[in-house]
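Chemist: So here's model_10.txt (compact mmCIF, C-alpha atoms).
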# COMPACT_ATOMS: atom_id res chain seq x y z
CA MET A 1 74.07 133.83 44.67
CA SER A 2 72.50 131.10 46.78
CA VAL A 3 69.62 131.43 49.08
CA ALA A 4 69.16 129.16 52.07
CA ALA A 5 65.91 127.31 52.43
CA PRO A 6 63.64 128.50 55.21
CA LEU A 7 64.03 126.51 58.44
CA SER A 8 60.45 125.31 58.24
CA SER A 9 61.23 123.37 55.07
CA LEU A 10 64.09 121.32 56.61
CA PRO A 11 63.23 117.75 57.51
CA ALA A 12 62.66 117.19 61.23
CA ALA A 13 65.43 115.31 63.01
CA GLY A 14 64.23 112.05 64.42
CA PRO A 15 64.98 110.89 67.93
CA ARG A 16 68.61 109.95 68.50
CA LYS A 17 69.09 106.24 68.19
CA TRP A 18 71.22 104.62 70.90
CA ARG A 19 72.91 101.38 70.22
CA SER A 20 72.08 98.81 72.88
CA LEU A 21 74.79 96.69 74.47
CA ARG A 22 73.23 93.65 72.81
CA THR A 23 74.10 95.05 69.40
CA THR A 24 77.66 96.14 70.37
CA PRO A 25 80.26 93.79 68.89
CA THR A 26 81.80 91.38 71.41
CA TRP A 27 85.34 92.43 70.47
CA ALA A 28 84.53 96.05 71.46
CA LEU A 29 83.23 94.96 74.88
CA VAL A 30 86.34 92.82 75.43
CA ALA A 31 88.62 95.71 74.41
CA ILE A 32 86.88 98.09 76.83
CA ALA A 33 87.09 95.50 79.64
CA VAL A 34 90.83 94.99 79.03
CA VAL A 35 91.57 98.74 79.04
CA VAL A 36 89.56 99.29 82.22
CA SER A 37 91.18 96.30 83.98
CA LEU A 38 94.64 97.67 83.14
CA LEU A 39 93.97 101.26 84.21
CA VAL A 40 91.88 100.87 87.37
CA PRO A 41 94.47 98.99 89.51
CA GLN A 42 97.21 101.45 88.54
CA GLY A 43 95.01 104.36 89.55
CA VAL A 44 94.10 102.71 92.84
CA PHE A 45 97.75 101.98 93.67
CA ALA A 46 98.81 105.48 92.65
CA LEU A 47 96.13 106.97 94.91
CA LEU A 48 97.12 104.73 97.84
CA ASN A 49 100.81 105.59 97.38
CA TYR A 50 99.99 109.29 97.25
CA VAL A 51 97.92 109.05 100.44
CA ASN A 52 100.65 107.05 102.23
CA ASP A 53 103.36 109.48 101.13
CA GLN A 54 101.34 112.45 102.38
CA THR A 55 100.51 110.91 105.78
CA THR A 56 103.69 109.05 106.78
CA VAL A 57 107.38 109.63 107.49
CA THR A 58 110.06 107.99 105.35
CA ILE A 59 113.76 108.24 106.18
CA ASP A 60 116.27 107.81 103.34
CA VAL A 61 119.51 107.54 105.32
CA MET A 62 120.60 108.06 108.92
CA ALA A 63 124.14 108.65 110.18
CA TRP A 64 126.06 110.31 112.98
CA GLU A 65 128.66 112.83 111.79
CA PHE A 66 131.92 113.51 113.64
CA THR A 67 135.23 115.32 113.14
CA TYR A 68 138.30 113.19 113.83
CA ALA A 69 141.01 115.57 112.67
CA PRO A 70 141.10 119.21 111.57
CA GLY A 71 139.06 119.38 108.36
CA ALA A 72 138.33 115.63 108.36
CA THR A 73 134.77 114.43 108.79
CA GLY A 74 133.60 110.87 109.37
CA TYR A 75 130.19 109.22 109.47
CA LEU A 76 128.78 106.41 111.60
CA PRO A 77 125.98 104.91 109.47
CA ILE A 78 122.77 103.85 111.21
CA CYS A 79 120.53 102.74 108.35
CA GLY A 80 119.70 103.13 104.69
CA PHE A 81 123.14 102.62 103.19
CA GLY A 82 122.15 99.51 101.24
CA GLY A 83 124.12 96.35 101.75
CA GLY A 84 126.94 96.24 104.26
CA GLY A 85 124.60 94.81 106.88
CA PHE A 86 122.87 98.11 107.61
CA PRO A 87 119.18 97.84 108.42
CA SER A 88 116.47 99.59 106.43
CA CYS A 89 115.43 103.01 107.65
CA PRO A 90 111.86 103.70 108.76
CA TYR A 91 109.59 103.58 105.72
CA ARG A 92 106.10 105.00 105.90
CA ALA A 93 106.26 105.23 109.67
CA GLN A 94 103.69 107.04 111.74
CA PRO A 95 104.71 110.71 112.23
CA GLY A 96 106.15 111.24 115.72
CA SER A 97 106.82 107.53 116.26
CA ASP A 98 110.00 106.26 117.93
CA TYR A 99 113.02 104.64 116.30
CA SER A 100 115.61 102.70 118.30
CA SER A 101 119.09 101.68 117.20
CA SER A 102 122.69 101.69 118.39
CA VAL A 103 126.06 102.96 117.28
CA LEU A 104 129.54 101.66 118.06
CA ILE A 105 132.14 104.32 118.85
CA SER A 106 135.69 103.23 118.05
CA GLY A 107 138.43 102.94 120.67
CA TYR A 108 140.27 105.51 118.54
CA PHE A 109 138.51 108.08 120.74
CA ASP A 110 139.78 106.47 123.98
CA GLY A 111 139.74 108.82 126.95
CA ARG A 112 137.28 111.28 125.42
CA ASN A 113 133.70 112.00 126.38
CA ILE A 114 131.04 111.74 123.69
CA THR A 115 127.72 113.51 123.19
CA LEU A 116 125.12 112.88 120.45
CA SER A 117 122.58 115.44 119.25
CA ALA A 118 119.57 115.07 116.99
CA PRO A 119 118.90 117.72 114.34
CA SER A 120 115.45 119.24 114.13
CA PRO A 121 112.78 117.93 113.43
CA PHE A 122 114.12 114.74 115.09
CA LEU A 123 114.29 114.45 118.87
CA LEU A 124 116.79 112.37 120.86
CA LEU A 125 114.62 110.74 123.54
CA SER A 126 117.14 108.58 125.41
CA THR A 127 120.56 106.97 125.29
CA ASN A 128 122.18 104.08 127.09
CA PRO A 129 124.64 104.82 128.62
CA GLN A 130 123.53 108.31 129.56
CA LEU A 131 125.51 111.00 127.74
CA PRO A 132 128.08 112.42 127.94
CA ALA A 133 129.80 109.04 128.23
CA HIS A 134 133.48 108.08 128.45
CA VAL A 135 134.96 106.15 125.49
CA THR A 136 137.30 103.30 126.49
CA ALA A 137 140.10 101.65 124.53
CA SER A 138 137.70 98.86 123.52
CA GLY A 139 135.14 101.37 122.24
CA LEU A 140 131.65 102.25 123.39
CA LEU A 141 128.28 100.93 122.23
CA ILE A 142 125.54 103.53 122.57
CA SER A 143 121.89 102.56 122.26
CA PHE A 144 119.59 105.45 121.45
CA GLU A 145 115.94 106.21 120.84
CA LEU A 146 114.84 108.94 118.44
CA GLN A 147 111.45 110.47 117.88
CA LEU A 148 110.75 110.78 114.15
CA PRO A 149 109.44 114.07 112.73
CA LYS A 150 105.83 114.87 113.57
CA THR A 151 105.15 116.14 110.05
CA ALA A 152 104.70 113.67 107.19
CA GLY A 153 107.37 113.67 104.50
CA GLU A 154 110.69 112.26 103.35
CA TYR A 155 113.74 113.00 105.49
CA SER A 156 117.42 112.26 105.95
CA PHE A 157 119.17 112.31 109.32
CA THR A 158 122.72 113.46 110.04
CA GLY A 159 123.21 113.90 113.77
CA PRO A 160 126.29 115.65 115.12
CA VAL A 161 128.68 113.83 117.47
CA ALA A 162 130.82 115.92 119.84
CA PHE A 163 133.94 114.74 121.64
CA ALA A 164 135.41 116.54 124.64
Please go through the file and, once you have read it, give me the structure as structure tokens.
Modeler:
Amino acid sequence: MSVAAPLSSLPAAGPRKWRSLRTTPTWALVAIAVVVSLLVPQGVFALLNYVNDQTTVTIDVMAWEFTYAPGATGYLPICGFGGGGFPSCPYRAQPGSDYSSSVLISGYFDGRNITLSAPSPFLLLSTNPQLPAHVTASGLLISFELQLPKTAGEYSFTGPVAFA
């Protein structure tokens, strides 16, 4: 059976000794500096990206959708389809800002009237020519202006096209 010594007989602990930076090995200081220099910029960029993503509107793809035969759907790309000469979609745009572009309607729809609509939360502000417009045998170029969503986030746009 063992008996513990009374607390009064234990040696007193001296003050904690801190190592000064002058006595820290140079390699340790260099290693700390390298780690900090690698981590800080990544954290700053991650924070900035997070803030931008939470306060801006980004559009992945935009297209107008139409039906050209029973059960057959076609798309008129506006932006974001990579390559093929399509422009980039709005990226980190101000919520509620305007976006202007145009779409060419084929002469295939000759003699028909066309109307474009913007799905919520987008808003179709204006078109040139004013819609509904008559499609000719040579086609019809429609310039339009959209208002982007007023709430920050990532969106896609598929606007319906109606022919009459």
Chemist: How far is it from CA of Thr158 in chain A to CA of Leu76 in chain A, in Å with one decimal?
Modeler: 9.4 Å
Chemist: Dump as a short mmCIF file (atom, residue, chain, number, x, y, z; two decimals) with C-alpha atoms, in the frame of the given file all residues having an atom at most 8 Å from (112.9, 112.8, 101.7), computed in the file's coordinates with only C-alpha atoms.
Modeler:
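What follows is the written file out14.cif:
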data_model
loop_
_atom_site.label_atom_id
_atom_site.label_comp_id
_atom_site.auth_asym_id
_atom_site.auth_seq_id
_atom_site.Cartn_x
_atom_site.Cartn_y
_atom_site.Cartn_z
CA THR A 58 110.06 107.99 105.35
CA ILE A 59 113.76 108.24 106.18
CA ASP A 60 116.27 107.81 103.34
CA GLY A 153 107.37 113.67 104.50
CA GLU A 154 110.69 112.26 103.35
CA TYR A 155 113.74 113.00 105.49
CA SER A 156 117.42 112.26 105.95
#
Chemist: Give the answer as one residue: which of A:Ala164, A:Leu124, A:Glu65, A:Phe157 has the shortest atom-to-atom distance to Cys79 in chain A, using all atoms listed in the file?
Modeler: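 Among the listed residues, A:Phe157 lies closest to Cys79 in chain A.
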Chemist: Using only C-alpha atoms, find each residue of range 46-117 of chain A with at least one atom at most 7 Å away from an atom of range 131-141 of chain A; report its shortest atom-to-atom pair and that distance in Å (one decimal), sort the rows by chain and rising residue number, and return the result as a tab-separated table.
Modeler:
residue	atom	partner	partner_atom	distance
A:Ser102	CA	A:Leu141	CA	6.8
A:Val103	CA	A:Leu141	CA	5.8
A:Leu104	CA	A:Leu141	CA	4.4
A:Ile105	CA	A:Leu140	CA	5.0
A:Ser106	CA	A:Gly139	CA	4.6
A:Gly107	CA	A:Gly139	CA	4.0
A:Phe109	CA	A:Val135	CA	6.2
A:Asp110	CA	A:Thr136	CA	4.7
A:Gly111	CA	A:Val135	CA	5.7
A:Arg112	CA	A:Val135	CA	5.6
A:Asn113	CA	A:His134	CA	4.4
A:Ile114	CA	A:Pro132	CA	5.2
A:Thr115	CA	A:Pro132	CA	4.9
Chemist: Kindly give the distance, in Å, that separates CA of Asn128 in chain A and CA of Ala63 in chain A, rounded to a single decimal.
Modeler: 17.6 Å
